[in-house]
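J.: One structure coming up, written as structure tokens, with questions to follow.
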Amino acid sequence: MEYKIPPNIILHKSKEVIFYISNNNKNPLNIDLWTRKLNLLGYKGLVIHSKCIFKRLKTDASLGKHS
């Protein structure tokens with residue numbers, strides 16, 4: 001089974017990564033693994049559960065690069 005990194009937004013300026021995880025998620029959260037897989041060592045991982053707020057952040061052009 002392939003492990004998938006959840007949808008995320010990378011904030012290079014503040015060295016943070018915001019991951020979207022739905023409230024229905026049954027899998028364990030492993031933020032350190034996700035940041036390592038994205039090759040973002042030294043970045044702080046954050047989790048957001050609101051799809052609406054995540055979409056708003058993702059479309060905000062002032063945040064910089066996102067995936």
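In the structure tokens, each chain is lettered A, B, ... as it comes, each chain's residues begin at 1, and ligands are numbered from 1 in order of appearance.
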Would you mind listing what lies within 6 Å of segment 16-31 of chain A as a PyMOL selection string, with only C-alpha atoms counted and same-chain residues fewer than 3 positions away left out?
T.: chain A and resi 7-11+34+43-49
J.: Would you mind exporting the chosen residues as a compact mmCIF listing (two decimals), in the first residue's frame, restricted to C-alpha atoms?
T.:
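File selection26.txt, as written:
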```txt
# COMPACT_ATOMS: atom_id res chain seq x y z
CA PRO A 7 -2.89 18.01 0.77
CA ASN A 8 -0.58 20.72 2.01
CA ILE A 9 0.52 24.33 1.75
CA ILE A 10 4.20 25.17 2.09
CA LEU A 11 5.07 28.49 3.68
CA TRP A 34 5.25 14.03 5.94
CA TYR A 43 9.94 23.12 8.85
CA LYS A 44 7.15 23.08 11.42
CA GLY A 45 4.13 20.95 10.49
CA LEU A 46 0.61 22.13 11.28
CA VAL A 47 -2.72 20.36 10.78
CA ILE A 48 -5.97 22.03 9.81
CA HIS A 49 -9.33 20.23 9.82
```
J.: Step one, run DSSP on the backbone; step two, keep only residues of chain A assigned to alpha helix (DSSP H); then write them as a PyMOL selection string.
T.: chain A and resi 31-37+51-59
J.: What is the atom CA of Cys52 of chain A to atom CA of Asn39 of chain A distance in Å?
T.: 26.8 Å
J.: Atom CA of Ser50 of chain A and atom CA of Lys13 of chain A, how far apart in Å?
T.: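 Distance reported for this atom pair: 22.9 Å.
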J.: Which parts of chain A does DSSP call strand (DSSP E or B) when run on the backbone here, written out as a PyMOL selection string?
T.: chain A and resi 8-11+16-20+44-48
